[in-house]
Structures are given as C-alpha cells and as structure tokens.
>>> print(open('structure02.txt').read())   # compact mmCIF, N, CA and C atoms
# COMPACT_ATOMS: atom_id res chain seq x y z
N MET S 1 -23.61 10.18 2.58
CA MET S 1 -23.58 8.94 3.35
C MET S 1 -24.97 8.70 3.90
N ASP S 2 -25.40 7.47 3.94
CA ASP S 2 -26.69 7.08 4.47
C ASP S 2 -26.78 7.46 5.94
N ALA S 3 -27.97 7.88 6.37
CA ALA S 3 -28.15 8.29 7.76
C ALA S 3 -27.83 7.16 8.73
N GLY S 4 -27.99 5.91 8.29
CA GLY S 4 -27.71 4.77 9.17
C GLY S 4 -26.23 4.48 9.34
N ALA S 5 -25.41 5.03 8.48
CA ALA S 5 -23.97 4.78 8.55
C ALA S 5 -23.37 5.68 9.64
N THR S 6 -22.50 5.12 10.45
CA THR S 6 -21.88 5.89 11.53
C THR S 6 -20.48 6.32 11.12
N TRP S 7 -19.96 7.29 11.86
CA TRP S 7 -18.60 7.76 11.59
C TRP S 7 -17.60 6.62 11.81
N ASP S 8 -17.83 5.77 12.81
CA ASP S 8 -16.93 4.64 13.06
C ASP S 8 -16.90 3.70 11.87
N PHE S 9 -18.07 3.38 11.33
CA PHE S 9 -18.15 2.52 10.15
C PHE S 9 -17.39 3.16 8.99
N PHE S 10 -17.63 4.44 8.78
CA PHE S 10 -16.99 5.16 7.70
C PHE S 10 -15.46 5.18 7.88
N SER S 11 -15.00 5.44 9.08
CA SER S 11 -13.56 5.47 9.36
C SER S 11 -12.92 4.11 9.13
N GLN S 12 -13.60 3.05 9.54
CA GLN S 12 -13.09 1.69 9.32
C GLN S 12 -13.03 1.37 7.83
N LEU S 13 -14.05 1.78 7.09
CA LEU S 13 -14.08 1.55 5.65
C LEU S 13 -12.92 2.28 4.97
N LEU S 14 -12.69 3.53 5.37
CA LEU S 14 -11.56 4.28 4.81
C LEU S 14 -10.24 3.59 5.11
N ALA S 15 -10.01 3.26 6.38
CA ALA S 15 -8.75 2.62 6.78
C ALA S 15 -8.54 1.30 6.05
N GLN S 16 -9.59 0.50 5.93
CA GLN S 16 -9.49 -0.80 5.26
C GLN S 16 -9.17 -0.62 3.79
N THR S 17 -9.83 0.31 3.12
CA THR S 17 -9.60 0.51 1.69
C THR S 17 -8.23 1.12 1.44
N PHE S 18 -7.82 2.07 2.27
CA PHE S 18 -6.46 2.61 2.13
C PHE S 18 -5.43 1.49 2.28
N ALA S 19 -5.63 0.61 3.27
CA ALA S 19 -4.69 -0.50 3.48
C ALA S 19 -4.66 -1.43 2.27
N GLU S 20 -5.84 -1.72 1.68
CA GLU S 20 -5.90 -2.57 0.49
C GLU S 20 -5.10 -1.95 -0.67
N LEU S 21 -5.05 -0.61 -0.68
CA LEU S 21 -4.34 0.10 -1.75
C LEU S 21 -2.88 0.38 -1.38
N GLY S 22 -2.43 -0.15 -0.24
CA GLY S 22 -1.03 -0.04 0.15
C GLY S 22 -0.67 1.17 0.99
N ALA S 23 -1.66 1.92 1.45
CA ALA S 23 -1.41 3.09 2.28
C ALA S 23 -1.84 2.77 3.71
N THR S 24 -0.90 2.84 4.65
CA THR S 24 -1.21 2.45 6.03
C THR S 24 -0.91 3.52 7.06
N GLY S 25 -0.56 4.71 6.62
CA GLY S 25 -0.23 5.79 7.55
C GLY S 25 -1.47 6.46 8.10
N PRO S 26 -1.27 7.57 8.82
CA PRO S 26 -2.42 8.31 9.36
C PRO S 26 -3.25 8.92 8.24
N VAL S 27 -4.53 9.08 8.50
CA VAL S 27 -5.46 9.66 7.52
C VAL S 27 -5.70 11.12 7.88
N VAL S 28 -5.55 11.99 6.90
CA VAL S 28 -5.80 13.42 7.07
C VAL S 28 -7.12 13.75 6.39
N ARG S 29 -8.01 14.43 7.12
CA ARG S 29 -9.33 14.80 6.59
C ARG S 29 -9.33 16.28 6.20
N ILE S 30 -9.83 16.57 5.00
CA ILE S 30 -9.90 17.95 4.51
C ILE S 30 -11.34 18.22 4.07
N ILE S 31 -11.91 19.29 4.57
CA ILE S 31 -13.27 19.69 4.20
C ILE S 31 -13.18 20.49 2.90
N LEU S 32 -14.01 20.15 1.93
CA LEU S 32 -14.02 20.83 0.63
C LEU S 32 -15.15 21.85 0.59
N LEU S 33 -14.79 23.10 0.27
CA LEU S 33 -15.76 24.19 0.18
C LEU S 33 -15.67 24.83 -1.20
N HIS S 34 -16.80 25.30 -1.69
CA HIS S 34 -16.85 26.07 -2.92
C HIS S 34 -17.80 27.23 -2.67
N ASP S 35 -17.31 28.45 -2.83
CA ASP S 35 -18.10 29.65 -2.51
C ASP S 35 -18.70 29.56 -1.10
N ARG S 36 -17.88 29.11 -0.17
CA ARG S 36 -18.23 28.98 1.25
C ARG S 36 -19.32 27.95 1.54
N GLN S 37 -19.58 27.08 0.59
CA GLN S 37 -20.56 26.02 0.77
C GLN S 37 -19.84 24.67 0.82
N PHE S 38 -20.30 23.81 1.71
CA PHE S 38 -19.73 22.47 1.84
C PHE S 38 -20.05 21.67 0.58
N VAL S 39 -19.01 21.11 -0.05
CA VAL S 39 -19.22 20.29 -1.26
C VAL S 39 -18.68 18.87 -1.11
N GLY S 40 -17.98 18.59 -0.01
CA GLY S 40 -17.48 17.24 0.19
C GLY S 40 -16.30 17.18 1.13
N GLN S 41 -15.65 16.01 1.12
CA GLN S 41 -14.48 15.77 1.96
C GLN S 41 -13.42 15.03 1.16
N ARG S 42 -12.18 15.34 1.49
CA ARG S 42 -11.07 14.61 0.89
C ARG S 42 -10.26 14.03 2.04
N PHE S 43 -9.82 12.81 1.85
CA PHE S 43 -9.02 12.11 2.85
C PHE S 43 -7.71 11.70 2.19
N ARG S 44 -6.61 11.93 2.88
CA ARG S 44 -5.30 11.58 2.32
C ARG S 44 -4.59 10.65 3.29
N CYS S 45 -3.98 9.61 2.71
CA CYS S 45 -3.19 8.66 3.47
C CYS S 45 -2.00 8.30 2.60
N GLU S 46 -0.83 8.73 3.01
CA GLU S 46 0.39 8.54 2.23
C GLU S 46 0.17 9.07 0.81
N LYS S 47 0.33 8.24 -0.21
CA LYS S 47 0.22 8.71 -1.60
C LYS S 47 -1.15 8.46 -2.22
N VAL S 48 -2.12 8.07 -1.39
CA VAL S 48 -3.46 7.79 -1.88
C VAL S 48 -4.42 8.81 -1.27
N GLN S 49 -5.38 9.24 -2.07
CA GLN S 49 -6.39 10.13 -1.53
C GLN S 49 -7.78 9.62 -1.91
N ALA S 50 -8.75 9.96 -1.08
CA ALA S 50 -10.13 9.57 -1.31
C ALA S 50 -10.98 10.83 -1.31
N VAL S 51 -11.99 10.85 -2.16
CA VAL S 51 -12.89 11.99 -2.25
C VAL S 51 -14.32 11.50 -2.12
N MET S 52 -15.07 12.17 -1.24
CA MET S 52 -16.49 11.90 -1.10
C MET S 52 -17.22 13.23 -1.26
N LEU S 53 -17.97 13.36 -2.33
CA LEU S 53 -18.70 14.59 -2.59
C LEU S 53 -20.04 14.57 -1.87
N ALA S 54 -20.50 15.76 -1.45
CA ALA S 54 -21.77 15.89 -0.75
C ALA S 54 -22.90 15.35 -1.62
N GLY S 55 -23.79 14.61 -1.01
CA GLY S 55 -24.94 14.08 -1.72
C GLY S 55 -24.67 12.82 -2.51
N LYS S 56 -23.45 12.34 -2.50
CA LYS S 56 -23.09 11.11 -3.21
C LYS S 56 -22.91 9.99 -2.21
N ASP S 57 -23.23 8.79 -2.61
CA ASP S 57 -23.07 7.62 -1.75
C ASP S 57 -21.90 6.76 -2.20
N GLU S 58 -20.80 7.43 -2.56
CA GLU S 58 -19.61 6.68 -2.96
C GLU S 58 -18.35 7.47 -2.59
N ILE S 59 -17.28 6.71 -2.45
CA ILE S 59 -15.96 7.29 -2.20
C ILE S 59 -15.08 6.85 -3.35
N GLN S 60 -14.36 7.81 -3.93
CA GLN S 60 -13.45 7.49 -5.01
C GLN S 60 -12.02 7.64 -4.50
N PHE S 61 -11.20 6.64 -4.77
CA PHE S 61 -9.81 6.61 -4.32
C PHE S 61 -8.89 6.85 -5.52
N TYR S 62 -7.92 7.73 -5.35
CA TYR S 62 -7.00 8.12 -6.43
C TYR S 62 -5.55 7.97 -5.99
N ASP S 63 -4.67 7.71 -6.97
CA ASP S 63 -3.24 7.72 -6.67
C ASP S 63 -2.74 9.16 -6.75
N GLN S 64 -1.45 9.35 -6.50
CA GLN S 64 -0.92 10.70 -6.46
C GLN S 64 -0.91 11.40 -7.82
N ALA S 65 -1.04 10.66 -8.91
CA ALA S 65 -1.12 11.24 -10.25
C ALA S 65 -2.55 11.57 -10.64
N GLY S 66 -3.52 11.26 -9.76
CA GLY S 66 -4.91 11.54 -10.05
C GLY S 66 -5.65 10.45 -10.77
N GLU S 67 -5.01 9.29 -10.91
CA GLU S 67 -5.66 8.15 -11.56
C GLU S 67 -6.62 7.46 -10.58
N LEU S 68 -7.83 7.18 -11.04
CA LEU S 68 -8.81 6.50 -10.21
C LEU S 68 -8.35 5.07 -9.94
N LEU S 69 -8.28 4.72 -8.64
CA LEU S 69 -7.86 3.38 -8.24
C LEU S 69 -9.06 2.49 -7.92
N LYS S 70 -10.05 3.08 -7.26
CA LYS S 70 -11.18 2.27 -6.79
C LYS S 70 -12.34 3.19 -6.43
N THR S 71 -13.55 2.70 -6.65
CA THR S 71 -14.76 3.39 -6.20
C THR S 71 -15.51 2.46 -5.26
N VAL S 72 -15.87 2.97 -4.10
CA VAL S 72 -16.58 2.19 -3.10
C VAL S 72 -17.96 2.80 -2.90
N SER S 73 -19.00 1.98 -3.09
CA SER S 73 -20.38 2.42 -2.88
C SER S 73 -20.70 2.27 -1.39
N LEU S 74 -21.05 3.36 -0.74
CA LEU S 74 -21.39 3.31 0.68
C LEU S 74 -22.69 2.56 0.89
N GLU S 75 -23.62 2.72 -0.02
CA GLU S 75 -24.91 2.06 0.09
C GLU S 75 -24.75 0.54 0.07
N GLU S 76 -23.97 0.03 -0.87
CA GLU S 76 -23.78 -1.42 -0.98
C GLU S 76 -22.94 -1.96 0.19
N THR S 77 -21.92 -1.20 0.60
CA THR S 77 -21.07 -1.62 1.72
C THR S 77 -21.87 -1.66 3.01
N ASP S 78 -22.75 -0.67 3.20
CA ASP S 78 -23.58 -0.63 4.39
C ASP S 78 -24.55 -1.81 4.42
N LYS S 79 -25.10 -2.18 3.27
CA LYS S 79 -26.01 -3.32 3.20
C LYS S 79 -25.28 -4.63 3.53
N LYS S 80 -24.05 -4.78 3.03
CA LYS S 80 -23.26 -5.99 3.29
C LYS S 80 -22.93 -6.11 4.77
N SER S 81 -22.59 -4.99 5.42
CA SER S 81 -22.22 -5.05 6.83
C SER S 81 -23.43 -5.30 7.72
N ALA S 82 -24.62 -4.92 7.25
CA ALA S 82 -25.83 -5.15 8.03
C ALA S 82 -26.30 -6.60 7.95
N ALA S 83 -25.89 -7.29 6.91
CA ALA S 83 -26.35 -8.68 6.71
C ALA S 83 -25.67 -9.65 7.64
>>> encode(input="structure02.txt", output="structure tokens")
Amino acid sequence: MDAGATWDFFSQLLAQTFAELGATGPVVRIILLHDRQFVGQRFRCEKVQAVMLAGKDEIQFYDQAGELLKTVSLEETDKKSAA
C-alpha cells in the first residue's frame, strides 16, 4: 500500500468493495506468514475474501470457490480519492 494511504481509507475501500460484491457482514483480518516472514493479509467477509500480498498495490477479491471476482488497484483508487 502507498505510504500516503491510511488505514481508514483502506478499511473503507474494503467495506465498499465487499458490499459491492454482496458481502455486508463483519470483516475478519488474517496476517499471512511464510517461514515466519510477513507475506500479506487476507480479509474475509461472509463468503467473499480479499488478499493483499506484501509489496503489491492491489487487492484481489475471491468467492468461496476461489474464483477471482475483482481486482482493485490501490494506486489508482488513491489517485481518484485525492482528486
């Protein structure tokens, strides 16, 4: 995520995108580790999950079968909100 993006902005983006995909429940955050190293975060809301890998400026949203539903670019979203 860009250094200029705040956790509030990120949380709002997650909630908005989950709602667009039909998931409106609470969001559960899971830290992803590989060999004790941080590799990203996964967020789950009802039957939809989102994955943001470390060093990437995008969030990918998946259904419960693992099918990609939507990809959101944080860089482009941050630019739109700043305008």
>>> select_by_dssp(input="structure02.txt", residues="chain S", states="strand (DSSP E or B)", output="PyMOL selection string")
chain S and resi 28-34+37-45+48-53+58-62+68-73
>>> write_last_selection(input="structure02.txt", atoms="N, CA and C atoms", output="CSV table (one decimal), in the coordinates of the input")
chain,number,residue,atom,x,y,z
S,28,VAL,N,-5.6,12.0,6.9
S,28,VAL,CA,-5.8,13.4,7.1
S,28,VAL,C,-7.1,13.8,6.4
S,29,ARG,N,-8.0,14.4,7.1
S,29,ARG,CA,-9.3,14.8,6.6
S,29,ARG,C,-9.3,16.3,6.2
S,30,ILE,N,-9.8,16.6,5.0
S,30,ILE,CA,-9.9,18.0,4.5
S,30,ILE,C,-11.3,18.2,4.1
S,31,ILE,N,-11.9,19.3,4.6
S,31,ILE,CA,-13.3,19.7,4.2
S,31,ILE,C,-13.2,20.5,2.9
S,32,LEU,N,-14.0,20.2,1.9
S,32,LEU,CA,-14.0,20.8,0.6
S,32,LEU,C,-15.2,21.8,0.6
S,33,LEU,N,-14.8,23.1,0.3
S,33,LEU,CA,-15.8,24.2,0.2
S,33,LEU,C,-15.7,24.8,-1.2
S,34,HIS,N,-16.8,25.3,-1.7
S,34,HIS,CA,-16.8,26.1,-2.9
S,34,HIS,C,-17.8,27.2,-2.7
S,37,GLN,N,-19.6,27.1,0.6
S,37,GLN,CA,-20.6,26.0,0.8
S,37,GLN,C,-19.8,24.7,0.8
S,38,PHE,N,-20.3,23.8,1.7
S,38,PHE,CA,-19.7,22.5,1.8
S,38,PHE,C,-20.0,21.7,0.6
S,39,VAL,N,-19.0,21.1,0.0
S,39,VAL,CA,-19.2,20.3,-1.3
S,39,VAL,C,-18.7,18.9,-1.1
S,40,GLY,N,-18.0,18.6,0.0
S,40,GLY,CA,-17.5,17.2,0.2
S,40,GLY,C,-16.3,17.2,1.1
S,41,GLN,N,-15.6,16.0,1.1
S,41,GLN,CA,-14.5,15.8,2.0
S,41,GLN,C,-13.4,15.0,1.2
S,42,ARG,N,-12.2,15.3,1.5
S,42,ARG,CA,-11.1,14.6,0.9
S,42,ARG,C,-10.3,14.0,2.0
S,43,PHE,N,-9.8,12.8,1.8
S,43,PHE,CA,-9.0,12.1,2.8
S,43,PHE,C,-7.7,11.7,2.2
S,44,ARG,N,-6.6,11.9,2.9
S,44,ARG,CA,-5.3,11.6,2.3
S,44,ARG,C,-4.6,10.6,3.3
S,45,CYS,N,-4.0,9.6,2.7
S,45,CYS,CA,-3.2,8.7,3.5
S,45,CYS,C,-2.0,8.3,2.6
S,48,VAL,N,-2.1,8.1,-1.4
S,48,VAL,CA,-3.5,7.8,-1.9
S,48,VAL,C,-4.4,8.8,-1.3
S,49,GLN,N,-5.4,9.2,-2.1
S,49,GLN,CA,-6.4,10.1,-1.5
S,49,GLN,C,-7.8,9.6,-1.9
S,50,ALA,N,-8.8,10.0,-1.1
S,50,ALA,CA,-10.1,9.6,-1.3
S,50,ALA,C,-11.0,10.8,-1.3
S,51,VAL,N,-12.0,10.8,-2.2
S,51,VAL,CA,-12.9,12.0,-2.2
S,51,VAL,C,-14.3,11.5,-2.1
S,52,MET,N,-15.1,12.2,-1.2
S,52,MET,CA,-16.5,11.9,-1.1
S,52,MET,C,-17.2,13.2,-1.3
S,53,LEU,N,-18.0,13.4,-2.3
S,53,LEU,CA,-18.7,14.6,-2.6
S,53,LEU,C,-20.0,14.6,-1.9
S,58,GLU,N,-20.8,7.4,-2.6
S,58,GLU,CA,-19.6,6.7,-3.0
S,58,GLU,C,-18.4,7.5,-2.6
S,59,ILE,N,-17.3,6.7,-2.4
S,59,ILE,CA,-16.0,7.3,-2.2
S,59,ILE,C,-15.1,6.8,-3.4
S,60,GLN,N,-14.4,7.8,-3.9
S,60,GLN,CA,-13.4,7.5,-5.0
S,60,GLN,C,-12.0,7.6,-4.5
S,61,PHE,N,-11.2,6.6,-4.8
S,61,PHE,CA,-9.8,6.6,-4.3
S,61,PHE,C,-8.9,6.8,-5.5
S,62,TYR,N,-7.9,7.7,-5.4
S,62,TYR,CA,-7.0,8.1,-6.4
S,62,TYR,C,-5.6,8.0,-6.0
S,68,LEU,N,-7.8,7.2,-11.0
S,68,LEU,CA,-8.8,6.5,-10.2
S,68,LEU,C,-8.4,5.1,-9.9
S,69,LEU,N,-8.3,4.7,-8.6
S,69,LEU,CA,-7.9,3.4,-8.2
S,69,LEU,C,-9.1,2.5,-7.9
S,70,LYS,N,-10.0,3.1,-7.3
S,70,LYS,CA,-11.2,2.3,-6.8
S,70,LYS,C,-12.3,3.2,-6.4
S,71,THR,N,-13.6,2.7,-6.6
S,71,THR,CA,-14.8,3.4,-6.2
S,71,THR,C,-15.5,2.5,-5.3
S,72,VAL,N,-15.9,3.0,-4.1
S,72,VAL,CA,-16.6,2.2,-3.1
S,72,VAL,C,-18.0,2.8,-2.9
S,73,SER,N,-19.0,2.0,-3.1
S,73,SER,CA,-20.4,2.4,-2.9
S,73,SER,C,-20.7,2.3,-1.4
>>> select_by_dssp(input="structure02.txt", residues="chain S", states="alpha helix (DSSP H)", output="number ranges by chain")
S: 7-20, 74-82
>>> atom_distance(input="structure02.txt", atom1="atom C of Gln49 of chain S", atom2="atom CA of Thr6 of chain S")
19.8 Å
>>> closest_residue(input="structure02.txt", among="S:Lys56, S:Lys70, S:Arg42, S:Lys47", to="Val28 of chain S", atoms="only N, CA and C atoms")
S:Arg42
>>> closest_residue(input="structure02.txt", among="S:Leu32, S:Ala15, S:Leu21, S:Leu68", to="Met52 of chain S", atoms="only C-alpha atoms")
S:Leu32
>>> atom_distance(input="structure02.txt", atom1="atom C of Arg29 of chain S", atom2="atom CA of Ala50 of chain S")
10.1 Å
>>> closest_residue(input="structure02.txt", among="S:Glu76, S:Glu67, S:Glu46, S:Trp7", to="Gly22 of chain S", atoms="only N, CA and C atoms")
S:Glu46
>>> closest_residue(input="structure02.txt", among="S:Ala65, S:Ala54, S:Ile59, S:Cys45", to="Ala23 of chain S", atoms="only C-alpha atoms")
S:Cys45
>>> closest_residue(input="structure02.txt", among="S:Glu75, S:Val48, S:Phe43, S:His34", to="Asp63 of chain S", atoms="all atoms listed in the file")
S:Val48
>>> atom_distance(input="structure02.txt", atom1="atom CA of Phe9 of chain S", atom2="atom CA of Val39 of chain S")
21.1 Å
>>> axis_aligned_box(input="structure02.txt", around="segment 10-18 of chain S", padding_each_side="4 Å", output="AutoDock Vina command-line options")
--center_x -11.5 --center_y 2.3 --center_z 5.5 --size_x 20.2 --size_y 14.3 --size_z 16.1
>>> closest_residue(input="structure02.txt", among="S:Leu69, S:Arg36, S:Arg44, S:Glu58", to="Glu20 of chain S", atoms="only C-alpha atoms")
S:Leu69
>>> decode(input="structure02.txt", residues="segment 9-70 of chain S", atoms="C-alpha atoms", output="CSV table (one decimal), in the first residue's frame")
chain,number,residue,atom,x,y,z
S,9,PHE,CA,-9.0,4.7,3.6
S,10,PHE,CA,-8.1,1.1,3.2
S,11,SER,CA,-10.8,-0.1,5.6
S,12,GLN,CA,-13.4,2.0,3.7
S,13,LEU,CA,-12.2,0.6,0.4
S,14,LEU,CA,-12.5,-3.0,1.7
S,15,ALA,CA,-16.0,-2.4,3.2
S,16,GLN,CA,-17.2,-0.7,0.0
S,17,THR,CA,-15.9,-3.4,-2.3
S,18,PHE,CA,-17.2,-6.2,-0.1
S,19,ALA,CA,-20.6,-4.5,-0.2
S,20,GLU,CA,-20.5,-4.2,-4.0
S,21,LEU,CA,-19.9,-8.0,-4.1
S,22,GLY,CA,-22.8,-8.7,-1.8
S,23,ALA,CA,-21.0,-9.2,1.5
S,24,THR,CA,-22.0,-6.9,4.3
S,25,GLY,CA,-21.0,-8.7,7.5
S,26,PRO,CA,-18.0,-8.0,9.7
S,27,VAL,CA,-14.6,-8.2,8.2
S,28,VAL,CA,-12.0,-10.6,9.7
S,29,ARG,CA,-8.3,-9.8,9.1
S,30,ILE,CA,-5.7,-12.6,8.9
S,31,ILE,CA,-2.0,-11.9,8.7
S,32,LEU,CA,-0.2,-14.2,6.2
S,33,LEU,CA,3.2,-15.6,7.1
S,34,HIS,CA,5.6,-17.9,5.3
S,35,ASP,CA,8.6,-19.2,7.1
S,36,ARG,CA,7.8,-16.6,9.9
S,37,GLN,CA,8.0,-13.7,7.4
S,38,PHE,CA,5.1,-11.4,6.6
S,39,VAL,CA,3.8,-12.0,3.1
S,40,GLY,CA,0.5,-10.3,3.1
S,41,GLN,CA,-3.0,-10.1,4.6
S,42,ARG,CA,-6.3,-11.8,3.9
S,43,PHE,CA,-9.7,-10.3,4.7
S,44,ARG,CA,-12.9,-12.3,4.9
S,45,CYS,CA,-16.4,-11.1,4.9
S,46,GLU,CA,-19.2,-13.7,4.7
S,47,LYS,CA,-18.4,-15.8,1.6
S,48,VAL,CA,-16.0,-13.3,0.0
S,49,GLN,CA,-12.3,-13.0,0.7
S,50,ALA,CA,-9.7,-10.4,-0.3
S,51,VAL,CA,-6.0,-10.9,-0.5
S,52,MET,CA,-3.3,-8.2,-0.4
S,53,LEU,CA,0.2,-9.5,-0.8
S,54,ALA,CA,3.2,-7.6,0.6
S,55,GLY,CA,4.8,-5.2,-1.9
S,56,LYS,CA,1.8,-5.2,-4.2
S,57,ASP,CA,-0.5,-2.3,-4.7
S,58,GLU,CA,-3.7,-4.3,-5.4
S,59,ILE,CA,-6.3,-6.3,-3.6
S,60,GLN,CA,-7.8,-9.3,-5.2
S,61,PHE,CA,-11.3,-10.4,-4.2
S,62,TYR,CA,-12.4,-14.1,-4.5
S,63,ASP,CA,-15.6,-16.0,-4.0
S,64,GLN,CA,-15.7,-19.1,-1.7
S,65,ALA,CA,-14.7,-21.4,-4.6
S,66,GLY,CA,-11.5,-19.4,-5.2
S,67,GLU,CA,-12.7,-17.7,-8.4
S,68,LEU,CA,-11.4,-14.1,-8.9
S,69,LEU,CA,-14.2,-11.6,-8.6
S,70,LYS,CA,-12.5,-8.3,-8.8
